[in-house]
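my_file.pdb (PDB, C-alpha atoms, pLDDT in the B column) appears below.
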ATOM      1  CA  MET N   1    -115.888-150.498  -1.531  1.00 94.00           C
ATOM      2  CA  LEU N   2    -116.336-148.195   1.431  1.00 97.00           C
ATOM      3  CA  LEU N   3    -115.678-149.941   4.753  1.00 97.00           C
ATOM      4  CA  CYS N   4    -116.643-148.141   7.940  1.00 97.00           C
ATOM      5  CA  GLY N   5    -117.434-149.015  11.545  1.00 93.00           C
ATOM      6  CA  PRO N   6    -116.460-147.861  15.039  1.00 90.00           C
ATOM      7  CA  SER N   7    -112.764-147.481  15.819  1.00 86.00           C
ATOM      8  CA  GLY N   8    -111.473-150.959  16.700  1.00 86.00           C
ATOM      9  CA  SER N   9    -114.208-152.881  14.884  1.00 89.00           C
ATOM     10  CA  GLY N  10    -111.726-154.735  12.653  1.00 89.00           C
ATOM     11  CA  LYS N  11    -111.816-152.705   9.428  1.00 93.00           C
ATOM     12  CA  SER N  12    -108.087-152.990   8.752  1.00 91.00           C
ATOM     13  CA  LEU N  13    -108.132-156.746   9.397  1.00 91.00           C
ATOM     14  CA  VAL N  14    -111.037-157.314   7.008  1.00 94.00           C
ATOM     15  CA  ALA N  15    -109.416-155.105   4.383  1.00 94.00           C
ATOM     16  CA  ALA N  16    -106.144-157.029   4.666  1.00 93.00           C
ATOM     17  CA  ARG N  17    -107.883-160.421   4.497  1.00 93.00           C
ATOM     18  CA  SER N  18    -109.813-159.414   1.377  1.00 93.00           C
ATOM     19  CA  GLY N  19    -106.634-159.247  -0.697  1.00 92.00           C
ATOM     20  CA  LEU N  20    -107.866-156.049  -2.375  1.00 94.00           C
ATOM     21  CA  PRO N  21    -105.874-152.795  -2.595  1.00 95.00           C
ATOM     22  CA  VAL N  22    -106.617-150.523   0.377  1.00 97.00           C
ATOM     23  CA  LEU N  23    -106.902-146.754   0.712  1.00 97.00           C
ATOM     24  CA  ARG N  24    -106.578-145.778   4.396  1.00 96.00           C
ATOM     25  CA  LEU N  25    -109.054-142.961   4.928  1.00 97.00           C
ATOM     26  CA  ASP N  26    -107.642-142.216   8.396  1.00 93.00           C
ATOM     27  CA  ASP N  27    -104.659-140.665   6.606  1.00 95.00           C
ATOM     28  CA  PHE N  28    -106.964-137.803   5.624  1.00 97.00           C
ATOM     29  CA  TYR N  29    -107.323-136.453   9.158  1.00 96.00           C
ATOM     30  CA  LYS N  30    -106.745-132.715   9.467  1.00 96.00           C
ATOM     31  CA  GLU N  31    -103.564-131.581  11.173  1.00 95.00           C
ATOM     32  CA  GLY N  32    -103.545-130.628  14.830  1.00 93.00           C
ATOM     33  CA  ASP N  33    -103.156-126.890  14.187  1.00 94.00           C
ATOM     34  CA  ASP N  34    -106.070-126.677  11.729  1.00 95.00           C
ATOM     35  CA  PRO N  35    -108.444-123.947  13.003  1.00 94.00           C
ATOM     36  CA  THR N  36    -111.496-125.836  11.695  1.00 95.00           C
ATOM     37  CA  LEU N  37    -110.992-128.798  14.027  1.00 95.00           C
ATOM     38  CA  PRO N  38    -114.070-129.492  16.207  1.00 94.00           C
ATOM     39  CA  LEU N  39    -113.805-129.443  20.002  1.00 93.00           C
ATOM     40  CA  MET N  40    -115.383-131.752  22.548  1.00 86.00           C
ATOM     41  CA  ASP N  41    -118.385-130.275  24.309  1.00 83.00           C
ATOM     42  CA  GLY N  42    -117.265-128.120  27.225  1.00 78.00           C
ATOM     43  CA  SER N  43    -113.586-128.736  26.487  1.00 80.00           C
ATOM     44  CA  SER N  44    -110.624-127.229  24.666  1.00 84.00           C
ATOM     45  CA  HIS N  45    -109.577-130.671  23.411  1.00 86.00           C
ATOM     46  CA  THR N  46    -110.023-131.696  19.784  1.00 91.00           C
ATOM     47  CA  ASP N  47    -112.779-134.205  19.085  1.00 91.00           C
ATOM     48  CA  TRP N  48    -110.952-136.603  16.782  1.00 90.00           C
ATOM     49  CA  ASP N  49    -114.072-138.777  16.519  1.00 89.00           C
ATOM     50  CA  HIS N  50    -116.109-136.002  14.909  1.00 93.00           C
ATOM     51  CA  PRO N  51    -116.391-136.099  11.091  1.00 94.00           C
ATOM     52  CA  LEU N  52    -115.207-132.488  10.875  1.00 95.00           C
ATOM     53  CA  SER N  53    -111.770-133.603  12.104  1.00 96.00           C
ATOM     54  CA  TRP N  54    -111.367-135.291   8.732  1.00 96.00           C
ATOM     55  CA  ASP N  55    -110.946-133.857   5.216  1.00 97.00           C
ATOM     56  CA  ALA N  56    -113.784-135.486   3.282  1.00 97.00           C
ATOM     57  CA  ASP N  57    -113.228-133.400   0.144  1.00 97.00           C
ATOM     58  CA  VAL N  58    -109.628-134.537  -0.297  1.00 96.00           C
ATOM     59  CA  ALA N  59    -110.576-138.144   0.478  1.00 97.00           C
ATOM     60  CA  VAL N  60    -113.313-138.200  -2.181  1.00 98.00           C
ATOM     61  CA  GLU N  61    -110.956-136.727  -4.766  1.00 97.00           C
ATOM     62  CA  ALA N  62    -108.370-139.414  -3.968  1.00 97.00           C
ATOM     63  CA  ILE N  63    -111.026-142.105  -4.471  1.00 97.00           C
ATOM     64  CA  ALA N  64    -112.108-140.538  -7.756  1.00 97.00           C
ATOM     65  CA  ARG N  65    -108.505-140.357  -8.948  1.00 96.00           C
ATOM     66  CA  LEU N  66    -107.907-144.010  -8.089  1.00 95.00           C
ATOM     67  CA  CYS N  67    -111.034-145.003 -10.005  1.00 94.00           C
ATOM     68  CA  ALA N  68    -109.987-142.948 -13.012  1.00 94.00           C
ATOM     69  CA  THR N  69    -106.200-143.462 -13.151  1.00 95.00           C
ATOM     70  CA  ARG N  70    -105.471-146.353 -10.699  1.00 95.00           C
ATOM     71  CA  SER N  71    -103.009-144.160  -8.828  1.00 96.00           C
ATOM     72  CA  THR N  72    -103.179-141.240  -6.391  1.00 97.00           C
ATOM     73  CA  PRO N  73    -100.954-139.403  -3.920  1.00 96.00           C
ATOM     74  CA  VAL N  74    -102.037-139.920  -0.300  1.00 96.00           C
ATOM     75  CA  PRO N  75    -100.825-138.213   2.871  1.00 95.00           C
ATOM     76  CA  VAL N  76     -98.818-140.093   5.475  1.00 95.00           C
ATOM     77  CA  TYR N  77    -100.461-139.241   8.799  1.00 94.00           C
ATOM     78  CA  ASP N  78     -98.938-139.722  12.245  1.00 92.00           C
ATOM     79  CA  ILE N  79    -101.813-140.043  14.745  1.00 87.00           C
ATOM     80  CA  ALA N  80     -99.517-139.603  17.745  1.00 85.00           C
ATOM     81  CA  LEU N  81     -98.311-136.259  16.337  1.00 90.00           C
ATOM     82  CA  SER N  82    -101.689-135.275  14.836  1.00 91.00           C
ATOM     83  CA  ALA N  83     -99.788-134.285  11.726  1.00 94.00           C
ATOM     84  CA  ARG N  84     -99.070-135.249   8.141  1.00 94.00           C
ATOM     85  CA  THR N  85     -95.439-136.287   7.885  1.00 95.00           C
ATOM     86  CA  GLY N  86     -95.174-136.835   4.155  1.00 95.00           C
ATOM     87  CA  GLU N  87     -96.880-138.164   1.054  1.00 95.00           C
ATOM     88  CA  GLU N  88     -96.761-141.404  -0.863  1.00 96.00           C
ATOM     89  CA  ALA N  89     -98.283-142.796  -4.024  1.00 96.00           C
ATOM     90  CA  LEU N  90    -100.909-145.523  -3.906  1.00 97.00           C
ATOM     91  CA  HIS N  91    -101.169-147.739  -6.994  1.00 96.00           C
ATOM     92  CA  ILE N  92    -103.888-150.366  -7.379  1.00 94.00           C
ATOM     93  CA  GLY N  93    -102.549-152.046 -10.514  1.00 92.00           C
ATOM     94  CA  ASP N  94    -105.155-153.777 -12.664  1.00 90.00           C
ATOM     95  CA  SER N  95    -107.587-154.477  -9.798  1.00 89.00           C
ATOM     96  CA  SER N  96    -111.208-153.727 -10.696  1.00 85.00           C
ATOM     97  CA  LEU N  97    -112.022-152.943  -7.067  1.00 93.00           C
ATOM     98  CA  PHE N  98    -110.374-151.393  -4.016  1.00 96.00           C
ATOM     99  CA  ILE N  99    -111.331-150.751  -0.401  1.00 97.00           C
ATOM    100  CA  ALA N 100    -111.456-147.282   1.136  1.00 97.00           C
ATOM    101  CA  GLU N 101    -111.622-147.917   4.897  1.00 97.00           C
ATOM    102  CA  GLY N 102    -111.911-145.643   7.894  1.00 96.00           C
ATOM    103  CA  ILE N 103    -114.186-144.560  10.723  1.00 94.00           C
ATOM    104  CA  PHE N 104    -115.638-141.743   8.592  1.00 96.00           C
ATOM    105  CA  ALA N 105    -116.150-143.722   5.376  1.00 97.00           C
ATOM    106  CA  ALA N 106    -119.946-143.597   5.749  1.00 97.00           C
ATOM    107  CA  GLU N 107    -119.809-139.797   5.550  1.00 97.00           C
ATOM    108  CA  ILE N 108    -118.992-140.022   1.830  1.00 98.00           C
ATOM    109  CA  VAL N 109    -121.286-142.868   0.758  1.00 98.00           C
ATOM    110  CA  GLU N 110    -123.761-140.597  -1.017  1.00 97.00           C
ATOM    111  CA  ARG N 111    -121.056-138.494  -2.668  1.00 97.00           C
ATOM    112  CA  CYS N 112    -119.346-141.590  -4.052  1.00 97.00           C
ATOM    113  CA  ARG N 113    -122.670-143.025  -5.200  1.00 96.00           C
ATOM    114  CA  GLU N 114    -123.625-139.810  -6.997  1.00 96.00           C
ATOM    115  CA  ARG N 115    -120.313-139.848  -8.875  1.00 95.00           C
ATOM    116  CA  GLY N 116    -120.707-143.488  -9.915  1.00 94.00           C
ATOM    117  CA  LEU N 117    -117.736-144.615  -7.826  1.00 94.00           C
ATOM    118  CA  LEU N 118    -119.427-146.888  -5.294  1.00 94.00           C
ATOM    119  CA  ALA N 119    -119.650-150.679  -5.474  1.00 93.00           C
ATOM    120  CA  ASP N 120    -120.850-151.203  -1.887  1.00 93.00           C
ATOM    121  CA  ALA N 121    -120.636-149.689   1.606  1.00 96.00           C
ATOM    122  CA  LEU N 122    -120.257-151.859   4.709  1.00 97.00           C
ATOM    123  CA  CYS N 123    -120.362-151.053   8.426  1.00 96.00           C
ATOM    124  CA  LEU N 124    -118.554-153.483  10.729  1.00 93.00           C
ATOM    125  CA  SER N 125    -119.822-153.989  14.262  1.00 86.00           C
ATOM    126  CA  ARG N 126    -118.466-156.517  16.787  1.00 81.00           C
ATOM    127  CA  GLY N 127    -120.065-155.281  20.003  1.00 79.00           C
ATOM    128  CA  PRO N 128    -118.974-152.452  22.338  1.00 82.00           C
ATOM    129  CA  VAL N 129    -116.898-154.559  24.762  1.00 80.00           C
ATOM    130  CA  THR N 130    -114.971-156.411  22.049  1.00 81.00           C
ATOM    131  CA  THR N 131    -114.400-153.187  20.158  1.00 82.00           C
ATOM    132  CA  PHE N 132    -113.194-151.407  23.310  1.00 83.00           C
ATOM    133  CA  ARG N 133    -110.647-154.120  24.037  1.00 84.00           C
ATOM    134  CA  ARG N 134    -109.324-154.326  20.461  1.00 83.00           C
ATOM    135  CA  ARG N 135    -109.133-150.547  20.107  1.00 83.00           C
ATOM    136  CA  PHE N 136    -107.299-150.032  23.412  1.00 84.00           C
ATOM    137  CA  LEU N 137    -104.717-152.781  22.799  1.00 86.00           C
ATOM    138  CA  ARG N 138    -104.080-151.565  19.244  1.00 84.00           C
ATOM    139  CA  ASP N 139    -103.715-147.906  20.220  1.00 80.00           C
ATOM    140  CA  LEU N 140    -101.506-148.776  23.189  1.00 84.00           C
ATOM    141  CA  LYS N 141     -99.234-150.937  21.018  1.00 82.00           C
ATOM    142  CA  GLU N 142     -98.934-148.208  18.384  1.00 81.00           C
ATOM    143  CA  GLY N 143     -98.423-145.426  20.936  1.00 80.00           C
ATOM    144  CA  ARG N 144    -101.157-143.338  19.355  1.00 78.00           C
ATOM    145  CA  LYS N 145    -101.929-141.241  22.453  1.00 80.00           C
ATOM    146  CA  SER N 146    -101.332-141.286  26.230  1.00 85.00           C
ATOM    147  CA  VAL N 147    -102.897-144.092  28.303  1.00 86.00           C
ATOM    148  CA  PRO N 148    -105.297-141.738  30.167  1.00 86.00           C
ATOM    149  CA  PHE N 149    -106.467-140.298  26.844  1.00 85.00           C
ATOM    150  CA  LEU N 150    -107.006-143.769  25.385  1.00 83.00           C
ATOM    151  CA  LEU N 151    -109.010-144.909  28.406  1.00 86.00           C
ATOM    152  CA  ARG N 152    -111.217-141.797  28.413  1.00 85.00           C
ATOM    153  CA  ARG N 153    -111.786-142.023  24.684  1.00 83.00           C
ATOM    154  CA  GLY N 154    -112.404-145.763  24.849  1.00 80.00           C
ATOM    155  CA  TRP N 155    -115.033-145.430  27.566  1.00 87.00           C
ATOM    156  CA  ARG N 156    -116.782-142.630  25.674  1.00 85.00           C
ATOM    157  CA  LEU N 157    -116.792-144.581  22.400  1.00 83.00           C
ATOM    158  CA  MET N 158    -117.979-147.775  24.059  1.00 86.00           C
ATOM    159  CA  ARG N 159    -121.011-145.949  25.426  1.00 88.00           C
ATOM    160  CA  ALA N 160    -121.652-144.312  22.048  1.00 86.00           C
ATOM    161  CA  GLU N 161    -121.057-147.347  19.824  1.00 90.00           C
ATOM    162  CA  ARG N 162    -124.724-148.134  19.140  1.00 91.00           C
ATOM    163  CA  ALA N 163    -125.338-144.538  18.062  1.00 92.00           C
ATOM    164  CA  ILE N 164    -122.200-144.564  15.899  1.00 93.00           C
ATOM    165  CA  VAL N 165    -123.330-147.699  14.064  1.00 93.00           C
ATOM    166  CA  ASP N 166    -126.878-146.352  13.677  1.00 95.00           C
ATOM    167  CA  ARG N 167    -125.555-143.157  12.123  1.00 96.00           C
ATOM    168  CA  GLN N 168    -123.315-144.987   9.661  1.00 97.00           C
ATOM    169  CA  VAL N 169    -126.166-147.253   8.626  1.00 97.00           C
ATOM    170  CA  SER N 170    -128.445-144.227   8.178  1.00 97.00           C
ATOM    171  CA  LEU N 171    -125.823-142.778   5.815  1.00 97.00           C
ATOM    172  CA  GLY N 172    -126.065-145.828   3.579  1.00 97.00           C
ATOM    173  CA  ALA N 173    -123.685-148.465   4.961  1.00 97.00           C
ATOM    174  CA  HIS N 174    -124.846-152.069   5.368  1.00 96.00           C
ATOM    175  CA  PRO N 175    -124.301-153.406   8.934  1.00 95.00           C
ATOM    176  CA  CYS N 176    -122.475-156.720   9.089  1.00 94.00           C
ATOM    177  CA  GLY N 177    -119.931-158.860  10.878  1.00 92.00           C
ATOM    178  CA  ARG N 178    -116.505-159.883   9.623  1.00 91.00           C
ATOM    179  CA  GLU N 179    -117.499-163.000   7.677  1.00 93.00           C
ATOM    180  CA  GLU N 180    -120.425-161.338   5.907  1.00 94.00           C
ATOM    181  CA  ALA N 181    -118.181-158.393   5.037  1.00 94.00           C
ATOM    182  CA  LEU N 182    -115.592-160.701   3.481  1.00 93.00           C
ATOM    183  CA  SER N 183    -118.331-162.506   1.536  1.00 92.00           C
ATOM    184  CA  ARG N 184    -119.744-159.239   0.164  1.00 91.00           C
ATOM    185  CA  LEU N 185    -116.257-158.022  -0.739  1.00 90.00           C
ATOM    186  CA  ALA N 186    -115.628-161.207  -2.685  1.00 87.00           C
ATOM    187  CA  SER N 187    -118.953-161.041  -4.529  1.00 85.00           C
ATOM    188  CA  ALA N 188    -118.513-157.326  -5.304  1.00 78.00           C
ATOM    189  CA  GLU N 189    -115.632-158.177  -7.619  1.00 67.00           C
ATOM    190  CA  THR N 190    -118.275-159.403 -10.071  1.00 57.00           C
ATOM    191  CA  TRP N 191    -120.323-156.168  -9.724  1.00 52.00           C
ATOM    192  CA  PRO N 192    -121.271-155.076 -13.280  1.00 50.00           C
ATOM    193  CA  GLY N 193    -119.748-151.623 -12.899  1.00 50.00           C
ATOM    194  CA  THR N 194    -116.306-153.059 -12.278  1.00 46.00           C
ATOM    195  CA  ARG N 195    -116.230-154.408 -15.798  1.00 40.00           C
ATOM    196  CA  GLN N 196    -116.079-150.893 -17.185  1.00 45.00           C
ATOM    197  CA  GLN N 197    -114.280-148.979 -14.419  1.00 57.00           C
ATOM    198  CA  THR N 198    -112.519-149.303 -11.130  1.00 69.00           C
ATOM    199  CA  ALA N 199    -114.837-148.802  -8.152  1.00 73.00           C
ATOM    200  CA  ALA N 200    -114.539-148.205  -4.434  1.00 84.00           C
TER     201      ALA N 200
END
Output the file's structure as structure tokens, nothing else.
Amino acid sequence: MLLCGPSGSGKSLVAARSGLPVLRLDDFYKEGDDPTLPLMDGSSHTDWDHPLSWDADVAVEAIARLCATRSTPVPVYDIALSARTGEEALHIGDSSLFIAEGIFAAEIVERCRERGLLADALCLSRGPVTTFRRRFLRDLKEGRKSVPFLLRRGWRLMRAERAIVDRQVSLGAHPCGREEALSRLASAETWPGTRQQTAA
């Protein structure tokens, strides 16, 4: 199950409430000194909300490995440092389904579908104002970046939220709220493909 949506839309909460194993796709961000990182228009600052700030290839391979072997190494990423600080193993036990959640999850919908790994793809949306508030309070609590950075980013993302959701839906994710997402996650456990293999 791929779970996407704007930053602050409640992906982690839905994933936790589902009771399913979770692969955090945000841990596949590139490191701050990576020369391929995209920049904001007219700025020397990294655009961490651009899909090219994220390593889609490594993320897809981790999903494929989980589906095939039920275990995969994943990076431990520190957002405040913009760096990977280690690696840990993720095991999903005998679960027939797991969630891969992150703001760029929609970018790999087609690749996962082509490889027979996809059970469903959902895009959470709770409205720009609600998302702004949740995102800011979360990032402030976790000390992800400076307050001025969080406010600038939050304002920019609030204005862009409709376009972000539209893009993720165009890439194959189904738009929904929290309760519908939980309902689809529950029903996906009976998806025919999960009887033969693990699926994201």
Given the file above and the PyMOL selection byres ((chain N and resi 99-105) around 10), which residues are selected, and can you give them as a JSON list (two decimals) with C-alpha atoms, in the frame of the given file?
[["chain", "number", "residue", "atom", "x", "y", "z"],
["N", 1, "MET", "CA", -115.89, -150.50, -1.53],
["N", 2, "LEU", "CA", -116.34, -148.20, 1.43],
["N", 3, "LEU", "CA", -115.68, -149.94, 4.75],
["N", 4, "CYS", "CA", -116.64, -148.14, 7.94],
["N", 5, "GLY", "CA", -117.43, -149.01, 11.54],
["N", 6, "PRO", "CA", -116.46, -147.86, 15.04],
["N", 7, "SER", "CA", -112.76, -147.48, 15.82],
["N", 8, "GLY", "CA", -111.47, -150.96, 16.70],
["N", 9, "SER", "CA", -114.21, -152.88, 14.88],
["N", 11, "LYS", "CA", -111.82, -152.71, 9.43],
["N", 12, "SER", "CA", -108.09, -152.99, 8.75],
["N", 14, "VAL", "CA", -111.04, -157.31, 7.01],
["N", 15, "ALA", "CA", -109.42, -155.10, 4.38],
["N", 16, "ALA", "CA", -106.14, -157.03, 4.67],
["N", 18, "SER", "CA", -109.81, -159.41, 1.38],
["N", 19, "GLY", "CA", -106.63, -159.25, -0.70],
["N", 20, "LEU", "CA", -107.87, -156.05, -2.38],
["N", 21, "PRO", "CA", -105.87, -152.79, -2.60],
["N", 22, "VAL", "CA", -106.62, -150.52, 0.38],
["N", 23, "LEU", "CA", -106.90, -146.75, 0.71],
["N", 24, "ARG", "CA", -106.58, -145.78, 4.40],
["N", 25, "LEU", "CA", -109.05, -142.96, 4.93],
["N", 26, "ASP", "CA", -107.64, -142.22, 8.40],
["N", 27, "ASP", "CA", -104.66, -140.66, 6.61],
["N", 28, "PHE", "CA", -106.96, -137.80, 5.62],
["N", 29, "TYR", "CA", -107.32, -136.45, 9.16],
["N", 49, "ASP", "CA", -114.07, -138.78, 16.52],
["N", 50, "HIS", "CA", -116.11, -136.00, 14.91],
["N", 51, "PRO", "CA", -116.39, -136.10, 11.09],
["N", 52, "LEU", "CA", -115.21, -132.49, 10.88],
["N", 53, "SER", "CA", -111.77, -133.60, 12.10],
["N", 54, "TRP", "CA", -111.37, -135.29, 8.73],
["N", 55, "ASP", "CA", -110.95, -133.86, 5.22],
["N", 56, "ALA", "CA", -113.78, -135.49, 3.28],
["N", 59, "ALA", "CA", -110.58, -138.14, 0.48],
["N", 60, "VAL", "CA", -113.31, -138.20, -2.18],
["N", 62, "ALA", "CA", -108.37, -139.41, -3.97],
["N", 63, "ILE", "CA", -111.03, -142.10, -4.47],
["N", 97, "LEU", "CA", -112.02, -152.94, -7.07],
["N", 98, "PHE", "CA", -110.37, -151.39, -4.02],
["N", 106, "ALA", "CA", -119.95, -143.60, 5.75],
["N", 107, "GLU", "CA", -119.81, -139.80, 5.55],
["N", 108, "ILE", "CA", -118.99, -140.02, 1.83],
["N", 109, "VAL", "CA", -121.29, -142.87, 0.76],
["N", 119, "ALA", "CA", -119.65, -150.68, -5.47],
["N", 120, "ASP", "CA", -120.85, -151.20, -1.89],
["N", 121, "ALA", "CA", -120.64, -149.69, 1.61],
["N", 122, "LEU", "CA", -120.26, -151.86, 4.71],
["N", 123, "CYS", "CA", -120.36, -151.05, 8.43],
["N", 124, "LEU", "CA", -118.55, -153.48, 10.73],
["N", 164, "ILE", "CA", -122.20, -144.56, 15.90],
["N", 168, "GLN", "CA", -123.32, -144.99, 9.66],
["N", 171, "LEU", "CA", -125.82, -142.78, 5.82],
["N", 173, "ALA", "CA", -123.68, -148.46, 4.96],
["N", 185, "LEU", "CA", -116.26, -158.02, -0.74],
["N", 199, "ALA", "CA", -114.84, -148.80, -8.15],
["N", 200, "ALA", "CA", -114.54, -148.21, -4.43]]
query = Residues picked by the PyMOL selection byres ((chain N and resi 70) around 7) here, as a VMD selection string?
reply = chain N and resid 65 to 69 71 91 to 93
request  = In the coordinates of the file, take the point (-109.6, -139.3, 27.1) and a cut-off of 12 Å; then, counting only C-alpha atoms, name each qualifying protein, DNA or RNA residue as number ranges by chain.
outcome  = N: 40, 43, 45-49, 136, 145-157
remark   = Separating atom CA of N:Leu118 from atom CA of N:Asp166, to the nearest tenth of an Å, is a gap of 20.4 Å
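Atom CA of N:Glu180 to atom CA of N:Val165 spans 16.2 Å [interatomic distance, one decimal].
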For stretch 89-97 of chain N, supply all heavy atoms and format the output as a PDB file, keeping the file's coordinate frame.
ATOM      1  N   ALA N  89     -97.374-142.442  -2.940  1.00 96.00           N
ATOM      2  CA  ALA N  89     -98.283-142.796  -4.024  1.00 96.00           C
ATOM      3  C   ALA N  89     -98.906-144.159  -3.762  1.00 96.00           C
ATOM      4  O   ALA N  89     -98.230-145.084  -3.328  1.00 96.00           O
ATOM      5  CB  ALA N  89     -97.538-142.806  -5.354  1.00 96.00           C
ATOM      6  N   LEU N  90    -100.217-144.242  -3.989  1.00 97.00           N
ATOM      7  CA  LEU N  90    -100.909-145.523  -3.906  1.00 97.00           C
ATOM      8  C   LEU N  90    -101.276-145.966  -5.311  1.00 97.00           C
ATOM      9  O   LEU N  90    -101.915-145.221  -6.054  1.00 97.00           O
ATOM     10  CB  LEU N  90    -102.180-145.385  -3.056  1.00 97.00           C
ATOM     11  CG  LEU N  90    -103.091-146.625  -3.013  1.00 97.00           C
ATOM     12  CD1 LEU N  90    -102.362-147.811  -2.375  1.00 97.00           C
ATOM     13  CD2 LEU N  90    -104.377-146.321  -2.252  1.00 97.00           C
ATOM     14  N   HIS N  91    -100.859-147.167  -5.678  1.00 96.00           N
ATOM     15  CA  HIS N  91    -101.169-147.739  -6.994  1.00 96.00           C
ATOM     16  C   HIS N  91    -101.997-149.003  -6.774  1.00 96.00           C
ATOM     17  O   HIS N  91    -101.668-149.816  -5.913  1.00 96.00           O
ATOM     18  CB  HIS N  91     -99.886-148.090  -7.757  1.00 96.00           C
ATOM     19  CG  HIS N  91     -98.925-146.951  -7.903  1.00 96.00           C
ATOM     20  ND1 HIS N  91     -99.103-145.942  -8.809  1.00 96.00           N
ATOM     21  CD2 HIS N  91     -97.784-146.668  -7.213  1.00 96.00           C
ATOM     22  CE1 HIS N  91     -98.102-145.075  -8.708  1.00 96.00           C
ATOM     23  NE2 HIS N  91     -97.301-145.499  -7.743  1.00 96.00           N
ATOM     24  N   ILE N  92    -103.046-149.177  -7.548  1.00 94.00           N
ATOM     25  CA  ILE N  92    -103.888-150.366  -7.379  1.00 94.00           C
ATOM     26  C   ILE N  92    -103.749-151.349  -8.543  1.00 94.00           C
ATOM     27  O   ILE N  92    -104.487-152.323  -8.624  1.00 94.00           O
ATOM     28  CB  ILE N  92    -105.364-149.979  -7.182  1.00 94.00           C
ATOM     29  CG1 ILE N  92    -105.910-149.254  -8.424  1.00 94.00           C
ATOM     30  CG2 ILE N  92    -105.527-149.118  -5.951  1.00 94.00           C
ATOM     31  CD1 ILE N  92    -107.424-149.054  -8.356  1.00 94.00           C
ATOM     32  N   GLY N  93    -102.801-151.106  -9.432  1.00 92.00           N
ATOM     33  CA  GLY N  93    -102.549-152.046 -10.514  1.00 92.00           C
ATOM     34  C   GLY N  93    -103.763-152.245 -11.407  1.00 92.00           C
ATOM     35  O   GLY N  93    -104.474-151.297 -11.727  1.00 92.00           O
ATOM     36  N   ASP N  94    -104.035-153.504 -11.768  1.00 90.00           N
ATOM     37  CA  ASP N  94    -105.155-153.777 -12.664  1.00 90.00           C
ATOM     38  C   ASP N  94    -106.390-154.263 -11.913  1.00 90.00           C
ATOM     39  O   ASP N  94    -107.314-154.812 -12.508  1.00 90.00           O
ATOM     40  CB  ASP N  94    -104.760-154.793 -13.733  1.00 90.00           C
ATOM     41  CG  ASP N  94    -104.300-156.123 -13.131  1.00 90.00           C
ATOM     42  OD1 ASP N  94    -104.285-156.238 -11.886  1.00 90.00           O
ATOM     43  OD2 ASP N  94    -103.945-157.030 -13.904  1.00 90.00           O
ATOM     44  N   SER N  95    -106.427-154.053 -10.590  1.00 89.00           N
ATOM     45  CA  SER N  95    -107.587-154.477  -9.798  1.00 89.00           C
ATOM     46  C   SER N  95    -108.824-153.687 -10.219  1.00 89.00           C
ATOM     47  O   SER N  95    -108.768-152.475 -10.450  1.00 89.00           O
ATOM     48  CB  SER N  95    -107.322-154.250  -8.303  1.00 89.00           C
ATOM     49  OG  SER N  95    -108.463-154.577  -7.541  1.00 89.00           O
ATOM     50  N   SER N  96    -109.955-154.389 -10.324  1.00 85.00           N
ATOM     51  CA  SER N  96    -111.208-153.727 -10.696  1.00 85.00           C
ATOM     52  C   SER N  96    -111.931-153.155  -9.487  1.00 85.00           C
ATOM     53  O   SER N  96    -112.978-152.530  -9.627  1.00 85.00           O
ATOM     54  CB  SER N  96    -112.131-154.719 -11.407  1.00 85.00           C
ATOM     55  OG  SER N  96    -112.450-155.806 -10.545  1.00 85.00           O
ATOM     56  N   LEU N  97    -111.352-153.358  -8.295  1.00 93.00           N
ATOM     57  CA  LEU N  97    -112.022-152.943  -7.067  1.00 93.00           C
ATOM     58  C   LEU N  97    -110.965-152.614  -6.021  1.00 93.00           C
ATOM     59  O   LEU N  97    -109.887-153.216  -6.005  1.00 93.00           O
ATOM     60  CB  LEU N  97    -112.900-154.095  -6.556  1.00 93.00           C
ATOM     61  CG  LEU N  97    -114.037-153.789  -5.583  1.00 93.00           C
ATOM     62  CD1 LEU N  97    -115.146-153.006  -6.288  1.00 93.00           C
ATOM     63  CD2 LEU N  97    -114.598-155.091  -5.028  1.00 93.00           C
TER      64      LEU N  97
END
